[in-house]
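Structure data (mmCIF, C-alpha atoms) from entry-v6.cif:
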data_target
loop_
_atom_site.group_PDB
_atom_site.id
_atom_site.type_symbol
_atom_site.label_atom_id
_atom_site.label_comp_id
_atom_site.auth_asym_id
_atom_site.auth_seq_id
_atom_site.Cartn_x
_atom_site.Cartn_y
_atom_site.Cartn_z
ATOM 1 C CA MET J 7 -0.889 5.577 -22.125
ATOM 2 C CA SER J 8 1.802 7.529 -20.349
ATOM 3 C CA ASP J 9 0.744 9.875 -17.577
ATOM 4 C CA THR J 10 2.926 12.462 -19.231
ATOM 5 C CA SER J 11 1.145 12.280 -22.592
ATOM 6 C CA PRO J 12 0.834 15.730 -24.124
ATOM 7 C CA PHE J 13 -2.175 14.579 -26.125
ATOM 8 C CA ALA J 14 -5.800 15.034 -25.148
ATOM 9 C CA PRO J 15 -7.920 11.873 -25.134
ATOM 10 C CA PRO J 16 -10.029 11.172 -28.216
ATOM 11 C CA GLU J 17 -13.458 12.750 -28.257
ATOM 12 C CA THR J 18 -16.420 11.707 -30.375
ATOM 13 C CA SER J 19 -16.035 9.750 -33.602
ATOM 14 C CA ALA J 20 -16.985 12.883 -35.552
ATOM 15 C CA ASP J 21 -14.305 14.917 -33.750
ATOM 16 C CA LEU J 22 -11.713 12.211 -34.381
ATOM 17 C CA GLU J 23 -12.458 12.114 -38.093
ATOM 18 C CA GLU J 24 -13.305 15.702 -38.988
ATOM 19 C CA GLY J 25 -11.668 17.718 -36.235
ATOM 20 C CA THR J 26 -8.352 19.546 -36.203
ATOM 21 C CA ALA J 27 -7.183 18.335 -32.780
ATOM 22 C CA LEU J 28 -4.534 15.625 -32.649
ATOM 23 C CA THR J 29 -6.091 13.163 -30.183
ATOM 24 C CA PRO J 30 -4.367 9.837 -30.925
ATOM 25 C CA LYS J 31 -6.315 6.690 -30.138
ATOM 26 C CA PHE J 32 -3.644 4.626 -28.373
ATOM 27 C CA ASP J 33 -4.424 0.913 -27.989
ATOM 28 C CA ALA J 34 -4.523 -1.066 -24.751
ATOM 29 C CA ASP J 35 -0.709 -1.081 -24.750
ATOM 30 C CA GLY J 36 -0.572 2.684 -25.252
ATOM 31 C CA LEU J 37 0.568 2.433 -28.881
ATOM 32 C CA VAL J 38 -0.366 3.634 -32.342
ATOM 33 C CA THR J 39 0.870 1.961 -35.534
ATOM 34 C CA CYS J 40 3.369 3.919 -37.613
ATOM 35 C CA VAL J 41 4.114 3.348 -41.306
ATOM 36 C CA ALA J 42 7.322 4.914 -42.595
ATOM 37 C CA THR J 43 7.649 5.424 -46.343
ATOM 38 C CA ASP J 44 10.616 6.630 -48.372
ATOM 39 C CA ALA J 45 9.937 10.288 -49.204
ATOM 40 C CA ALA J 46 11.685 9.873 -52.562
ATOM 41 C CA SER J 47 10.485 6.476 -53.846
ATOM 42 C CA GLY J 48 7.214 6.075 -51.939
ATOM 43 C CA ASP J 49 8.212 2.549 -50.890
ATOM 44 C CA VAL J 50 7.089 1.352 -47.498
ATOM 45 C CA LEU J 51 10.258 1.069 -45.412
ATOM 46 C CA MET J 52 8.885 -0.311 -42.141
ATOM 47 C CA VAL J 53 5.878 -0.681 -39.867
ATOM 48 C CA ALA J 54 6.459 -0.034 -36.177
ATOM 49 C CA HIS J 55 4.785 1.459 -33.120
ATOM 50 C CA MET J 56 4.858 4.722 -31.197
ATOM 51 C CA ASN J 57 3.734 5.439 -27.664
ATOM 52 C CA ALA J 58 2.780 8.976 -26.647
ATOM 53 C CA GLU J 59 6.372 9.893 -25.838
ATOM 54 C CA ALA J 60 7.740 8.565 -29.136
ATOM 55 C CA LEU J 61 5.035 10.387 -31.077
ATOM 56 C CA ALA J 62 5.644 13.639 -29.191
ATOM 57 C CA LYS J 63 9.421 13.386 -29.711
ATOM 58 C CA THR J 64 8.978 12.676 -33.417
ATOM 59 C CA ILE J 65 6.723 15.702 -33.816
ATOM 60 C CA ALA J 66 9.005 17.980 -31.795
ATOM 61 C CA THR J 67 12.325 16.909 -33.330
ATOM 62 C CA GLY J 68 11.369 15.907 -36.889
ATOM 63 C CA GLU J 69 13.299 12.656 -36.440
ATOM 64 C CA ALA J 70 11.620 9.269 -36.030
ATOM 65 C CA TRP J 71 11.297 7.793 -32.552
ATOM 66 C CA TYR J 72 9.511 4.517 -31.887
ATOM 67 C CA PHE J 73 8.537 2.234 -29.023
ATOM 68 C CA SER J 74 9.864 -1.320 -29.123
ATOM 69 C CA ARG J 75 7.196 -3.793 -28.067
ATOM 70 C CA SER J 76 9.768 -6.553 -27.514
ATOM 71 C CA ARG J 77 12.188 -4.432 -25.481
ATOM 72 C CA ARG J 78 9.449 -2.272 -23.880
ATOM 73 C CA ALA J 79 11.602 0.740 -24.561
ATOM 74 C CA LEU J 80 11.611 4.033 -26.398
ATOM 75 C CA TRP J 81 14.164 4.131 -29.209
ATOM 76 C CA LYS J 82 15.381 6.654 -31.689
ATOM 77 C CA LYS J 83 15.622 5.098 -35.136
ATOM 78 C CA GLY J 84 19.284 4.842 -36.034
ATOM 79 C CA GLU J 85 20.648 5.470 -32.544
ATOM 80 C CA THR J 86 22.963 2.450 -32.866
ATOM 81 C CA SER J 87 23.403 2.141 -36.625
ATOM 82 C CA GLY J 88 23.335 5.826 -37.552
ATOM 83 C CA HIS J 89 20.545 5.014 -40.014
ATOM 84 C CA THR J 90 18.229 7.767 -38.875
ATOM 85 C CA GLN J 91 14.953 8.907 -40.426
ATOM 86 C CA ARG J 92 14.314 12.618 -40.994
ATOM 87 C CA VAL J 93 10.571 13.142 -41.161
ATOM 88 C CA VAL J 94 9.486 15.178 -44.178
ATOM 89 C CA GLU J 95 5.766 14.929 -43.490
ATOM 90 C CA MET J 96 3.496 13.279 -40.916
ATOM 91 C CA ARG J 97 -0.109 12.280 -41.517
ATOM 92 C CA ILE J 98 -2.708 10.805 -39.143
ATOM 93 C CA ASP J 99 -5.539 8.542 -40.259
ATOM 94 C CA CYS J 100 -9.295 8.962 -39.946
ATOM 95 C CA ASP J 101 -9.683 7.353 -36.522
ATOM 96 C CA GLN J 102 -6.276 8.552 -35.293
ATOM 97 C CA ASP J 103 -4.826 5.151 -34.445
ATOM 98 C CA ALA J 104 -2.236 5.069 -37.232
ATOM 99 C CA VAL J 105 0.478 7.510 -38.299
ATOM 100 C CA TRP J 106 2.169 7.754 -41.706
ATOM 101 C CA ILE J 107 5.567 9.411 -41.900
ATOM 102 C CA LYS J 108 7.421 10.191 -45.128
ATOM 103 C CA VAL J 109 11.100 10.049 -44.286
ATOM 104 C CA GLU J 110 14.567 10.607 -45.636
ATOM 105 C CA GLN J 111 16.179 7.309 -44.674
ATOM 106 C CA ILE J 112 19.940 7.091 -44.165
ATOM 107 C CA ALA J 113 21.256 3.789 -45.668
ATOM 108 C CA GLY J 114 18.499 1.285 -44.834
ATOM 109 C CA ALA J 115 15.573 0.900 -42.459
ATOM 110 C CA CYS J 116 15.740 -2.872 -41.979
ATOM 111 C CA HIS J 117 17.943 -4.538 -39.364
ATOM 112 C CA THR J 118 18.702 -7.252 -41.963
ATOM 113 C CA GLY J 119 20.574 -4.714 -44.082
ATOM 114 C CA ARG J 120 17.952 -3.939 -46.692
ATOM 115 C CA ARG J 121 16.603 -0.513 -47.525
ATOM 116 C CA SER J 122 13.055 -1.676 -46.640
ATOM 117 C CA CYS J 123 11.778 -4.401 -44.323
ATOM 118 C CA PHE J 124 9.491 -5.494 -47.170
ATOM 119 C CA TYR J 125 12.177 -7.125 -49.307
ATOM 120 C CA ARG J 126 10.197 -10.252 -50.232
ATOM 121 C CA ALA J 127 7.163 -10.541 -52.511
ATOM 122 C CA VAL J 128 4.281 -12.967 -52.038
ATOM 123 C CA PRO J 129 3.125 -14.384 -55.401
ATOM 124 C CA LEU J 130 -0.591 -13.883 -56.010
ATOM 125 C CA GLY J 131 -3.252 -16.093 -57.558
ATOM 126 C CA LYS J 132 -2.319 -19.263 -55.697
ATOM 127 C CA SER J 133 -3.969 -21.182 -52.891
ATOM 128 C CA GLY J 134 -1.990 -22.948 -50.201
ATOM 129 C CA ALA J 135 1.669 -22.547 -49.424
ATOM 130 C CA ALA J 136 3.409 -19.539 -50.960
ATOM 131 C CA THR J 137 7.077 -19.305 -51.879
ATOM 132 C CA LEU J 138 8.483 -15.850 -51.226
ATOM 133 C CA GLU J 139 10.550 -14.059 -53.869
ATOM 134 C CA PHE J 140 13.475 -11.912 -52.774
ATOM 135 C CA ARG J 141 13.381 -8.514 -54.455
ATOM 136 C CA ASP J 142 15.889 -6.288 -52.660
ATOM 137 C CA GLU J 143 19.609 -6.617 -52.061
ATOM 138 C CA ARG J 144 21.328 -5.553 -48.878
ATOM 139 C CA VAL J 145 22.506 -1.935 -48.790
ATOM 140 C CA PHE J 146 24.594 -2.316 -45.634
ATOM 141 C CA ASP J 147 26.186 -5.055 -43.540
ATOM 142 C CA PRO J 148 24.041 -5.611 -40.450
ATOM 143 C CA ASN J 149 26.898 -7.300 -38.608
ATOM 144 C CA THR J 150 28.881 -4.090 -38.779
ATOM 145 C CA ALA J 151 26.049 -1.588 -38.389
ATOM 146 C CA TYR J 152 24.608 -3.057 -35.222
ATOM 147 C CA ARG J 153 27.865 -4.109 -33.559
ATOM 148 C CA ALA J 154 28.058 -2.698 -30.055
ATOM 149 C CA LYS J 155 30.272 0.352 -30.043
ATOM 150 C CA ASP J 156 33.326 -0.013 -27.840
ATOM 151 C CA MET Y 22 -5.087 -18.231 -35.577
ATOM 152 C CA SER Y 23 -7.797 -20.061 -37.451
ATOM 153 C CA ASP Y 24 -7.772 -23.836 -37.358
ATOM 154 C CA THR Y 25 -8.137 -23.702 -41.112
ATOM 155 C CA SER Y 26 -5.055 -21.540 -41.636
ATOM 156 C CA PRO Y 27 -3.178 -22.626 -44.737
ATOM 157 C CA PHE Y 28 0.027 -21.144 -43.328
ATOM 158 C CA ALA Y 29 2.693 -23.045 -41.448
ATOM 159 C CA PRO Y 30 3.693 -21.586 -38.071
ATOM 160 C CA PRO Y 31 6.802 -19.379 -37.973
ATOM 161 C CA GLU Y 32 10.079 -21.189 -37.461
ATOM 162 C CA THR Y 33 13.323 -19.680 -36.263
ATOM 163 C CA SER Y 34 14.102 -15.989 -36.522
ATOM 164 C CA ALA Y 35 16.610 -16.759 -39.290
ATOM 165 C CA ASP Y 36 13.981 -18.714 -41.250
ATOM 166 C CA LEU Y 37 11.448 -15.910 -40.799
ATOM 167 C CA GLU Y 38 13.860 -13.295 -42.115
ATOM 168 C CA GLU Y 39 15.878 -15.105 -44.747
ATOM 169 C CA GLY Y 40 13.647 -18.019 -45.756
ATOM 170 C CA THR Y 41 11.310 -18.376 -48.704
ATOM 171 C CA ALA Y 42 8.359 -19.852 -46.777
ATOM 172 C CA LEU Y 43 5.416 -17.585 -46.007
ATOM 173 C CA THR Y 44 4.927 -18.232 -42.273
ATOM 174 C CA PRO Y 45 3.047 -15.171 -41.009
ATOM 175 C CA LYS Y 46 3.519 -14.236 -37.379
ATOM 176 C CA PHE Y 47 -0.085 -13.581 -36.327
ATOM 177 C CA ASP Y 48 -0.519 -11.715 -33.026
ATOM 178 C CA ALA Y 49 -2.525 -12.884 -29.996
ATOM 179 C CA ASP Y 50 -5.724 -11.954 -31.842
ATOM 180 C CA GLY Y 51 -4.663 -13.909 -34.934
ATOM 181 C CA LEU Y 52 -3.929 -10.803 -36.992
ATOM 182 C CA VAL Y 53 -1.168 -9.225 -39.052
ATOM 183 C CA THR Y 54 -1.054 -5.519 -39.920
ATOM 184 C CA CYS Y 55 -1.651 -4.621 -43.565
ATOM 185 C CA VAL Y 56 -0.619 -1.360 -45.232
ATOM 186 C CA ALA Y 57 -2.310 -0.612 -48.557
ATOM 187 C CA THR Y 58 -0.634 1.905 -50.850
ATOM 188 C CA ASP Y 59 -1.830 3.357 -54.137
ATOM 189 C CA ALA Y 60 0.037 1.514 -56.897
ATOM 190 C CA ALA Y 61 0.089 4.670 -59.010
ATOM 191 C CA SER Y 62 0.890 7.469 -56.540
ATOM 192 C CA GLY Y 63 2.606 5.521 -53.749
ATOM 193 C CA ASP Y 64 0.399 7.205 -51.150
ATOM 194 C CA VAL Y 65 -0.589 5.175 -48.116
ATOM 195 C CA LEU Y 66 -4.326 4.595 -48.479
ATOM 196 C CA MET Y 67 -5.114 2.717 -45.257
ATOM 197 C CA VAL Y 68 -3.791 0.549 -42.461
ATOM 198 C CA ALA Y 69 -5.927 -2.439 -41.485
ATOM 199 C CA HIS Y 70 -5.626 -6.044 -40.330
ATOM 200 C CA MET Y 71 -5.831 -9.491 -41.873
ATOM 201 C CA ASN Y 72 -6.431 -12.828 -40.195
ATOM 202 C CA ALA Y 73 -5.255 -16.044 -41.857
ATOM 203 C CA GLU Y 74 -8.441 -16.336 -43.900
ATOM 204 C CA ALA Y 75 -8.301 -12.728 -45.135
ATOM 205 C CA LEU Y 76 -4.640 -13.110 -46.075
ATOM 206 C CA ALA Y 77 -5.289 -16.404 -47.886
ATOM 207 C CA LYS Y 78 -8.263 -14.935 -49.786
ATOM 208 C CA THR Y 79 -6.253 -11.857 -50.775
ATOM 209 C CA ILE Y 80 -3.420 -14.030 -52.101
ATOM 210 C CA ALA Y 81 -5.764 -16.397 -53.938
ATOM 211 C CA THR Y 82 -8.082 -13.779 -55.483
ATOM 212 C CA GLY Y 83 -5.793 -10.763 -55.951
ATOM 213 C CA GLU Y 84 -8.417 -8.568 -54.289
ATOM 214 C CA ALA Y 85 -8.038 -7.146 -50.790
ATOM 215 C CA TRP Y 86 -9.815 -8.867 -47.908
ATOM 216 C CA TYR Y 87 -9.452 -7.716 -44.299
ATOM 217 C CA PHE Y 88 -10.580 -8.640 -40.795
ATOM 218 C CA SER Y 89 -12.514 -6.005 -38.872
ATOM 219 C CA ARG Y 90 -11.413 -5.872 -35.258
ATOM 220 C CA SER Y 91 -14.514 -3.905 -34.230
ATOM 221 C CA ARG Y 92 -17.011 -6.168 -35.988
ATOM 222 C CA ARG Y 93 -14.936 -9.366 -35.501
ATOM 223 C CA ALA Y 94 -15.686 -10.233 -39.099
ATOM 224 C CA LEU Y 95 -13.986 -10.950 -42.391
ATOM 225 C CA TRP Y 96 -14.741 -8.323 -45.036
ATOM 226 C CA LYS Y 97 -13.938 -7.777 -48.642
ATOM 227 C CA LYS Y 98 -12.841 -4.200 -49.238
ATOM 228 C CA GLY Y 99 -15.553 -2.488 -51.274
ATOM 229 C CA GLU Y 100 -18.235 -5.114 -50.732
ATOM 230 C CA THR Y 101 -20.768 -2.413 -49.792
ATOM 231 C CA SER Y 102 -19.369 0.663 -51.539
ATOM 232 C CA GLY Y 103 -17.980 -0.987 -54.661
ATOM 233 C CA HIS Y 104 -14.626 0.653 -53.854
ATOM 234 C CA THR Y 105 -12.573 -2.497 -54.231
ATOM 235 C CA GLN Y 106 -8.790 -2.865 -54.214
ATOM 236 C CA ARG Y 107 -7.078 -4.946 -56.890
ATOM 237 C CA VAL Y 108 -3.714 -6.065 -55.548
ATOM 238 C CA VAL Y 109 -0.832 -5.396 -57.927
ATOM 239 C CA GLU Y 110 1.881 -6.651 -55.592
ATOM 240 C CA MET Y 111 2.133 -8.059 -52.071
ATOM 241 C CA ARG Y 112 5.203 -7.862 -49.850
ATOM 242 C CA ILE Y 113 5.864 -9.313 -46.385
ATOM 243 C CA ASP Y 114 8.221 -7.758 -43.863
ATOM 244 C CA CYS Y 115 11.325 -9.159 -42.196
ATOM 245 C CA ASP Y 116 9.598 -10.761 -39.203
ATOM 246 C CA GLN Y 117 6.438 -11.597 -41.182
ATOM 247 C CA ASP Y 118 3.975 -9.726 -38.989
ATOM 248 C CA ALA Y 119 3.132 -6.993 -41.503
ATOM 249 C CA VAL Y 120 1.974 -7.089 -45.112
ATOM 250 C CA TRP Y 121 2.280 -4.317 -47.714
ATOM 251 C CA ILE Y 122 -0.060 -4.392 -50.688
ATOM 252 C CA LYS Y 123 0.135 -2.059 -53.680
ATOM 253 C CA VAL Y 124 -3.397 -1.685 -54.986
ATOM 254 C CA GLU Y 125 -5.505 -0.181 -57.716
ATOM 255 C CA GLN Y 126 -8.133 1.575 -55.615
ATOM 256 C CA ILE Y 127 -11.588 2.248 -57.045
ATOM 257 C CA ALA Y 128 -12.773 5.749 -55.964
ATOM 258 C CA GLY Y 129 -11.490 6.050 -52.384
ATOM 259 C CA ALA Y 130 -10.294 3.836 -49.566
ATOM 260 C CA CYS Y 131 -11.579 5.909 -46.640
ATOM 261 C CA HIS Y 132 -15.099 5.573 -45.256
ATOM 262 C CA THR Y 133 -15.135 9.372 -44.839
ATOM 263 C CA GLY Y 134 -15.056 9.784 -48.625
ATOM 264 C CA ARG Y 135 -11.383 10.584 -49.118
ATOM 265 C CA ARG Y 136 -9.006 8.710 -51.388
ATOM 266 C CA SER Y 137 -6.751 7.930 -48.398
ATOM 267 C CA CYS Y 138 -7.470 7.619 -44.677
ATOM 268 C CA PHE Y 139 -4.425 9.857 -44.102
ATOM 269 C CA TYR Y 140 -6.048 13.126 -45.199
ATOM 270 C CA ARG Y 141 -4.679 15.279 -42.360
ATOM 271 C CA ALA Y 142 -1.113 16.401 -41.746
ATOM 272 C CA VAL Y 143 0.488 16.880 -38.335
ATOM 273 C CA PRO Y 144 2.750 19.967 -38.296
ATOM 274 C CA LEU Y 145 6.284 19.190 -37.138
ATOM 275 C CA GLY Y 146 8.734 21.061 -34.949
ATOM 276 C CA LYS Y 147 6.293 21.923 -32.178
ATOM 277 C CA SER Y 148 5.832 20.659 -28.654
ATOM 278 C CA GLY Y 149 2.438 20.266 -27.056
ATOM 279 C CA ALA Y 150 -0.941 20.334 -28.771
ATOM 280 C CA ALA Y 151 -0.912 20.011 -32.557
ATOM 281 C CA THR Y 152 -3.481 21.432 -34.949
ATOM 282 C CA LEU Y 153 -4.127 19.115 -37.881
ATOM 283 C CA GLU Y 154 -4.137 20.444 -41.429
ATOM 284 C CA PHE Y 155 -6.604 18.996 -43.938
ATOM 285 C CA ARG Y 156 -4.869 18.074 -47.170
ATOM 286 C CA ASP Y 157 -7.320 15.956 -49.195
ATOM 287 C CA GLU Y 158 -10.823 16.656 -50.503
ATOM 288 C CA ARG Y 159 -13.565 14.048 -50.621
ATOM 289 C CA VAL Y 160 -13.699 11.989 -53.831
ATOM 290 C CA PHE Y 161 -17.083 10.398 -53.085
ATOM 291 C CA ASP Y 162 -20.127 10.977 -50.868
ATOM 292 C CA PRO Y 163 -19.938 8.512 -47.950
ATOM 293 C CA ASN Y 164 -23.666 8.911 -47.236
ATOM 294 C CA THR Y 165 -24.460 7.499 -50.653
ATOM 295 C CA ALA Y 166 -21.663 4.960 -50.938
ATOM 296 C CA TYR Y 167 -22.371 3.180 -47.669
ATOM 297 C CA ARG Y 168 -26.194 3.414 -47.710
ATOM 298 C CA ALA Y 169 -27.733 -0.036 -47.237
ATOM 299 C CA LYS Y 170 -28.828 -1.387 -50.582
ATOM 300 C CA ASP Y 171 -32.627 -1.910 -50.854
#
Kindly transcribe the structure held in the file into structure tokens.
Amino acid sequence: MSDTSPFAPPETSADLEEGTALTPKFDADGLVTCVATDAASGDVLMVAHMNAEALAKTIATGEAWYFSRSRRALWKKGETSGHTQRVVEMRIDCDQDAVWIKVEQIAGACHTGRRSCFYRAVPLGKSGAATLEFRDERVFDPNTAYRAKD
Amino acid sequence: MSDTSPFAPPETSADLEEGTALTPKFDADGLVTCVATDAASGDVLMVAHMNAEALAKTIATGEAWYFSRSRRALWKKGETSGHTQRVVEMRIDCDQDAVWIKVEQIAGACHTGRRSCFYRAVPLGKSGAATLEFRDERVFDPNTAYRAKD
């Protein structure tokens, strides 16, 4: 966890679950899981992570900030593509290690060009290998959206 | 990952994102993140984890199975409480390290007695300490639901 975290450490299990203090339970890497859903449709758009700074910035600004595990860097959603997320509501779960944000998503959340990262369905009722079914079309061209700006 | 995993290992990034093979990208602990939403309301009910066996059982049976990180054990949702989750649809995300299931939830998903684990809102637009706001009432008595059966 960052030394500059504005959040108090978690207290007892009872405080975590029934208290009114936001005391996020960051994991060993200093992260909580964040689920972003479309405020209009309810669809899950993406699952990502926030460190203390990303969580604090999201709360303060009402726009989604995350922490990239692969790049080890704070990022504002949409900073390159313009596909930002305005947070309509934020919820925290019982043990305060997961955050749910309902967002107004510009264009699409997924770097592949779809509205949601969850654009493929897994058929149920079968054992063994599963063949995924594409459900969502692209809503933007990722080659254009993520091209480095000159 | 379990030696008995029925899933092939992930291939290239392009295959992961645009292929039709389910090749989950389990983390160092052999887990993927799973988000369960209410098939009727769209609300996020819980965020948990699945190992290969839990994912395979969920796909095969159409009922939600998870892997408890704290107990290091496979568990069927509702096995003690009866509050099972019938999976209406399963989706996998772009890099295949997160699963979204839409479920029909019996009673409530949260061990505290609420329908959803996300029963508290975090007010936005403020810096520093946040005071959580309770939004959801209990829908069952956790002391009764999780009492060891005689």
Leu61 (chain J): which residues within 12 Å, counting all atoms listed in the file, same-chain residues fewer than 2 positions away excluded, as a VMD selection string? (chain J and resid 7 to 8 11 to 13 28 to 32 36 to 40 54 to 59 63 to 73 80 to 82 93 96 to 98 103 to 107) or (chain Y and resid 143 145 to 151)
What do you get, as a PyMOL selection string, if you spell out every residue that the PyMOL selection byres ((chain Y and resi 41) around 8) selects here? (chain J and resi 137-140) or (chain Y and resi 36+39-40+42-43)
Here's the selection I'm unsure about, the PyMOL selection byres ((chain Y and resi 127-136) around 12); applied to the file above, which residues does it give, as a CSV table (one decimal) with C-alpha atoms, in the coordinates of the input?
chain,number,residue,atom,x,y,z
J,19,SER,CA,-16.0,9.8,-33.6
J,20,ALA,CA,-17.0,12.9,-35.6
J,22,LEU,CA,-11.7,12.2,-34.4
J,23,GLU,CA,-12.5,12.1,-38.1
J,24,GLU,CA,-13.3,15.7,-39.0
J,99,ASP,CA,-5.5,8.5,-40.3
J,100,CYS,CA,-9.3,9.0,-39.9
J,101,ASP,CA,-9.7,7.4,-36.5
Y,56,VAL,CA,-0.6,-1.4,-45.2
Y,57,ALA,CA,-2.3,-0.6,-48.6
Y,58,THR,CA,-0.6,1.9,-50.8
Y,59,ASP,CA,-1.8,3.4,-54.1
Y,60,ALA,CA,0.0,1.5,-56.9
Y,62,SER,CA,0.9,7.5,-56.5
Y,64,ASP,CA,0.4,7.2,-51.2
Y,65,VAL,CA,-0.6,5.2,-48.1
Y,66,LEU,CA,-4.3,4.6,-48.5
Y,67,MET,CA,-5.1,2.7,-45.3
Y,68,VAL,CA,-3.8,0.5,-42.5
Y,69,ALA,CA,-5.9,-2.4,-41.5
Y,84,GLU,CA,-8.4,-8.6,-54.3
Y,85,ALA,CA,-8.0,-7.1,-50.8
Y,98,LYS,CA,-12.8,-4.2,-49.2
Y,99,GLY,CA,-15.6,-2.5,-51.3
Y,100,GLU,CA,-18.2,-5.1,-50.7
Y,101,THR,CA,-20.8,-2.4,-49.8
Y,102,SER,CA,-19.4,0.7,-51.5
Y,103,GLY,CA,-18.0,-1.0,-54.7
Y,104,HIS,CA,-14.6,0.7,-53.9
Y,105,THR,CA,-12.6,-2.5,-54.2
Y,106,GLN,CA,-8.8,-2.9,-54.2
Y,107,ARG,CA,-7.1,-4.9,-56.9
Y,108,VAL,CA,-3.7,-6.1,-55.5
Y,124,VAL,CA,-3.4,-1.7,-55.0
Y,125,GLU,CA,-5.5,-0.2,-57.7
Y,126,GLN,CA,-8.1,1.6,-55.6
Y,137,SER,CA,-6.8,7.9,-48.4
Y,138,CYS,CA,-7.5,7.6,-44.7
Y,139,PHE,CA,-4.4,9.9,-44.1
Y,140,TYR,CA,-6.0,13.1,-45.2
Y,141,ARG,CA,-4.7,15.3,-42.4
Y,155,PHE,CA,-6.6,19.0,-43.9
Y,156,ARG,CA,-4.9,18.1,-47.2
Y,157,ASP,CA,-7.3,16.0,-49.2
Y,158,GLU,CA,-10.8,16.7,-50.5
Y,159,ARG,CA,-13.6,14.0,-50.6
Y,160,VAL,CA,-13.7,12.0,-53.8
Y,161,PHE,CA,-17.1,10.4,-53.1
Y,162,ASP,CA,-20.1,11.0,-50.9
Y,163,PRO,CA,-19.9,8.5,-48.0
Y,164,ASN,CA,-23.7,8.9,-47.2
Y,165,THR,CA,-24.5,7.5,-50.7
Y,166,ALA,CA,-21.7,5.0,-50.9
Y,167,TYR,CA,-22.4,3.2,-47.7
Y,168,ARG,CA,-26.2,3.4,-47.7
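CA of Thr33 (chain Y) to CA of Val109 (chain Y) spans 29.6 Å [interatomic distance, one decimal].
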Just how far from CA of Ser89 (chain Y) is CA of Ala77 (chain Y), in Å to one decimal? 15.5 Å
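When only C-alpha atoms are used to compute distances to chain Y, the closest of the residues J:Pro15, J:Gly48, J:Ser76, J:Gln102 turns out to be J:Gly48.
Here CA of Ala49 (chain Y) stands at a distance of 17.6 Å from CA of Arg77 (chain J).
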